[in-house]
Amino acid sequence: MDLHFPHDPTDDVLEQFQRDGHLTLRRFLDPLELEILEPGLSAAVHREDPNDGVPWEERSTYDRAFIQVGDVHQSSDEARSLVFSRRLASAAAALLRVPTIRLYHDQALYKLPTRGDGGHTPWHVDQYYWPMATDRCITAWIPLVEVSDDMGPLTFASGSHRMVEGRELEISDESEARCDRALAEGGYTRSREPFELGDVSFHLGWTYHSAPPNLGTEERKVMTVIYMDGAMRVAEPSNDHQRDDLRKWLPGLAAGDLAASDANPLLWPAT
């Protein structure tokens, strides 16, 4: 299934993304389509919740932030329709200014209602985890429900994809403290807005972002798709997380290879 809604990125939108490193396209997807997809996709996420049964007090800051399940498209037709959406992939290509787009992987990120002792997402950059040779990678953040301000929408630091401080940090309490200080010292504007159903946010791999706790009563249900330039090469992993990602998301590949394993199909233009 392809999702359609009548508007495409304009030159002004592309320039804004290049400047800020993030962009929200309002009503980019059809809300009715998302309402239809959500129940089946959510069922798959909850079946595969890696923290199911783990007491709250035994979870790390990271694990208290959300249910995280990768490669949901392999177990959910509903997720697959989003991951392989030509509309999303073509927008990724336009924003990255590249002719072709491959799938890196997908993840569901369901932020749990807070219990008063955690649940925030610390400041971090995604590309710390990715063994990619260039910055031509982008995440589509696709809410499956309306996300009000009290449910923990993403907070971006506009223009921070140019900041180097903190890039060596995994997501943690340390990244929250150090990156928050560096962003303040650098004078980066922070941007956080609620999402209506159909809104989709895109951000670069080096754009700093965080999210407050979900203070609502329902899960903040979000599907993400990570795209990369179709010509991306694999970088020599610089940390254990990148080594793990190489094995999991780029199976059989090594540094210098085209990032085009069987797990990384070409999504735009579709073959």
# chains A, B, ... in the order shown; residues from 1 in each chain; ligands from 1
$ closest_atom_pairs --of "stretch 56-170 of chain A" --to "stretch 207-229 of chain A" --cutoff "8 Å" --atoms "only C-alpha atoms" --output "JSON lines"
{"residue": "A:Ala65", "atom": "CA", "partner": "A:Pro213", "partner_atom": "CA", "distance": 7.3}
{"residue": "A:Ala79", "atom": "CA", "partner": "A:Met223", "partner_atom": "CA", "distance": 8.0}
{"residue": "A:Val83", "atom": "CA", "partner": "A:Val225", "partner_atom": "CA", "distance": 6.1}
{"residue": "A:Ala89", "atom": "CA", "partner": "A:Tyr227", "partner_atom": "CA", "distance": 7.5}
{"residue": "A:Ala92", "atom": "CA", "partner": "A:Tyr227", "partner_atom": "CA", "distance": 7.0}
{"residue": "A:Ala93", "atom": "CA", "partner": "A:Asp229", "partner_atom": "CA", "distance": 7.5}
{"residue": "A:Leu96", "atom": "CA", "partner": "A:Asp229", "partner_atom": "CA", "distance": 7.7}
{"residue": "A:Val98", "atom": "CA", "partner": "A:Asp229", "partner_atom": "CA", "distance": 6.3}
{"residue": "A:Pro99", "atom": "CA", "partner": "A:Asp229", "partner_atom": "CA", "distance": 7.9}
{"residue": "A:Thr100", "atom": "CA", "partner": "A:Asp229", "partner_atom": "CA", "distance": 6.1}
{"residue": "A:Ile101", "atom": "CA", "partner": "A:Asp229", "partner_atom": "CA", "distance": 4.9}
{"residue": "A:Arg102", "atom": "CA", "partner": "A:Met228", "partner_atom": "CA", "distance": 5.4}
{"residue": "A:Leu103", "atom": "CA", "partner": "A:Tyr227", "partner_atom": "CA", "distance": 4.9}
{"residue": "A:Tyr104", "atom": "CA", "partner": "A:Tyr227", "partner_atom": "CA", "distance": 5.4}
{"residue": "A:His105", "atom": "CA", "partner": "A:Ile226", "partner_atom": "CA", "distance": 5.5}
{"residue": "A:Asp106", "atom": "CA", "partner": "A:Val225", "partner_atom": "CA", "distance": 4.4}
{"residue": "A:Gln107", "atom": "CA", "partner": "A:Thr224", "partner_atom": "CA", "distance": 5.2}
{"residue": "A:Ala108", "atom": "CA", "partner": "A:Met223", "partner_atom": "CA", "distance": 4.4}
{"residue": "A:Leu109", "atom": "CA", "partner": "A:Val222", "partner_atom": "CA", "distance": 5.3}
{"residue": "A:Tyr110", "atom": "CA", "partner": "A:Lys221", "partner_atom": "CA", "distance": 4.5}
{"residue": "A:Lys111", "atom": "CA", "partner": "A:Arg220", "partner_atom": "CA", "distance": 4.9}
{"residue": "A:Leu112", "atom": "CA", "partner": "A:Glu219", "partner_atom": "CA", "distance": 5.1}
{"residue": "A:Pro113", "atom": "CA", "partner": "A:Asn214", "partner_atom": "CA", "distance": 4.8}
{"residue": "A:Thr114", "atom": "CA", "partner": "A:Asn214", "partner_atom": "CA", "distance": 5.5}
{"residue": "A:Gly118", "atom": "CA", "partner": "A:Pro213", "partner_atom": "CA", "distance": 7.0}
{"residue": "A:Gly119", "atom": "CA", "partner": "A:Pro213", "partner_atom": "CA", "distance": 4.7}
{"residue": "A:His120", "atom": "CA", "partner": "A:Pro213", "partner_atom": "CA", "distance": 4.2}
{"residue": "A:Thr121", "atom": "CA", "partner": "A:Ala211", "partner_atom": "CA", "distance": 4.8}
{"residue": "A:Pro122", "atom": "CA", "partner": "A:Ser210", "partner_atom": "CA", "distance": 5.2}
{"residue": "A:Trp123", "atom": "CA", "partner": "A:Ser210", "partner_atom": "CA", "distance": 4.5}
{"residue": "A:His124", "atom": "CA", "partner": "A:Tyr208", "partner_atom": "CA", "distance": 5.4}
{"residue": "A:Val125", "atom": "CA", "partner": "A:Tyr208", "partner_atom": "CA", "distance": 5.0}
{"residue": "A:Asp126", "atom": "CA", "partner": "A:Thr207", "partner_atom": "CA", "distance": 7.8}
{"residue": "A:Arg136", "atom": "CA", "partner": "A:Asp229", "partner_atom": "CA", "distance": 5.6}
{"residue": "A:Cys137", "atom": "CA", "partner": "A:Met228", "partner_atom": "CA", "distance": 4.2}
{"residue": "A:Ile138", "atom": "CA", "partner": "A:Tyr227", "partner_atom": "CA", "distance": 5.4}
{"residue": "A:Thr139", "atom": "CA", "partner": "A:Ile226", "partner_atom": "CA", "distance": 4.4}
{"residue": "A:Ala140", "atom": "CA", "partner": "A:Val225", "partner_atom": "CA", "distance": 5.2}
{"residue": "A:Trp141", "atom": "CA", "partner": "A:Thr224", "partner_atom": "CA", "distance": 4.7}
{"residue": "A:Ile142", "atom": "CA", "partner": "A:Met223", "partner_atom": "CA", "distance": 5.1}
{"residue": "A:Pro143", "atom": "CA", "partner": "A:Val222", "partner_atom": "CA", "distance": 4.2}
{"residue": "A:Leu144", "atom": "CA", "partner": "A:Lys221", "partner_atom": "CA", "distance": 5.5}
{"residue": "A:Val145", "atom": "CA", "partner": "A:Lys221", "partner_atom": "CA", "distance": 6.1}
{"residue": "A:Val147", "atom": "CA", "partner": "A:Arg220", "partner_atom": "CA", "distance": 6.6}
{"residue": "A:Asp150", "atom": "CA", "partner": "A:Leu215", "partner_atom": "CA", "distance": 5.3}
{"residue": "A:Met151", "atom": "CA", "partner": "A:Asn214", "partner_atom": "CA", "distance": 4.1}
{"residue": "A:Gly152", "atom": "CA", "partner": "A:Asn214", "partner_atom": "CA", "distance": 4.7}
{"residue": "A:Pro153", "atom": "CA", "partner": "A:Ala211", "partner_atom": "CA", "distance": 5.9}
{"residue": "A:Leu154", "atom": "CA", "partner": "A:Ala211", "partner_atom": "CA", "distance": 4.8}
{"residue": "A:Thr155", "atom": "CA", "partner": "A:Ser210", "partner_atom": "CA", "distance": 5.2}
{"residue": "A:Phe156", "atom": "CA", "partner": "A:His209", "partner_atom": "CA", "distance": 4.5}
{"residue": "A:Ala157", "atom": "CA", "partner": "A:Tyr208", "partner_atom": "CA", "distance": 5.7}
{"residue": "A:Ser158", "atom": "CA", "partner": "A:Thr207", "partner_atom": "CA", "distance": 7.7}
{"residue": "A:Gly159", "atom": "CA", "partner": "A:Thr207", "partner_atom": "CA", "distance": 7.4}
{"residue": "A:Ser160", "atom": "CA", "partner": "A:Thr207", "partner_atom": "CA", "distance": 5.4}
{"residue": "A:His161", "atom": "CA", "partner": "A:Thr207", "partner_atom": "CA", "distance": 4.2}
{"residue": "A:Arg162", "atom": "CA", "partner": "A:Thr207", "partner_atom": "CA", "distance": 7.9}
$ select_by_dssp --residues "stretch 38-248 of chain A" --states "helix (DSSP H, G or I)" --output "ChimeraX atom specification"
/A:38-47,56-58,61-65,72-74,77-83,86-96,126-129,149-151,160-162,173-186,240-248
$ closest_residue --among "A:Pro131, A:Pro55, A:Gly40, A:Pro265" --to "A:Arg243" --atoms "only C-alpha atoms"
A:Pro131
$ closest_residue --among "A:Val45, A:Phe17, A:Glu78, A:Lys248" --to "A:Phe66" --atoms "only C-alpha atoms"
A:Val45
$ closest_residue --among "A:Trp130, A:Trp249, A:Phe84, A:Tyr188" --to "A:Leu266" --atoms "only C-alpha atoms"
A:Phe84
$ atom_distance --atom1 "atom CA of A:Pro269" --atom2 "atom CA of A:Asp12"
23.2 Å
$ atom_distance --atom1 "atom CA of A:Thr134" --atom2 "atom CA of A:Gln16"
20.4 Å
$ residues_around --residues "A:Asn239" --least-positions-apart "5" --cutoff "12 Å" --atoms "only C-alpha atoms" --output "NGL selection string"
:A and (127-131 or 167-170 or 244-246)
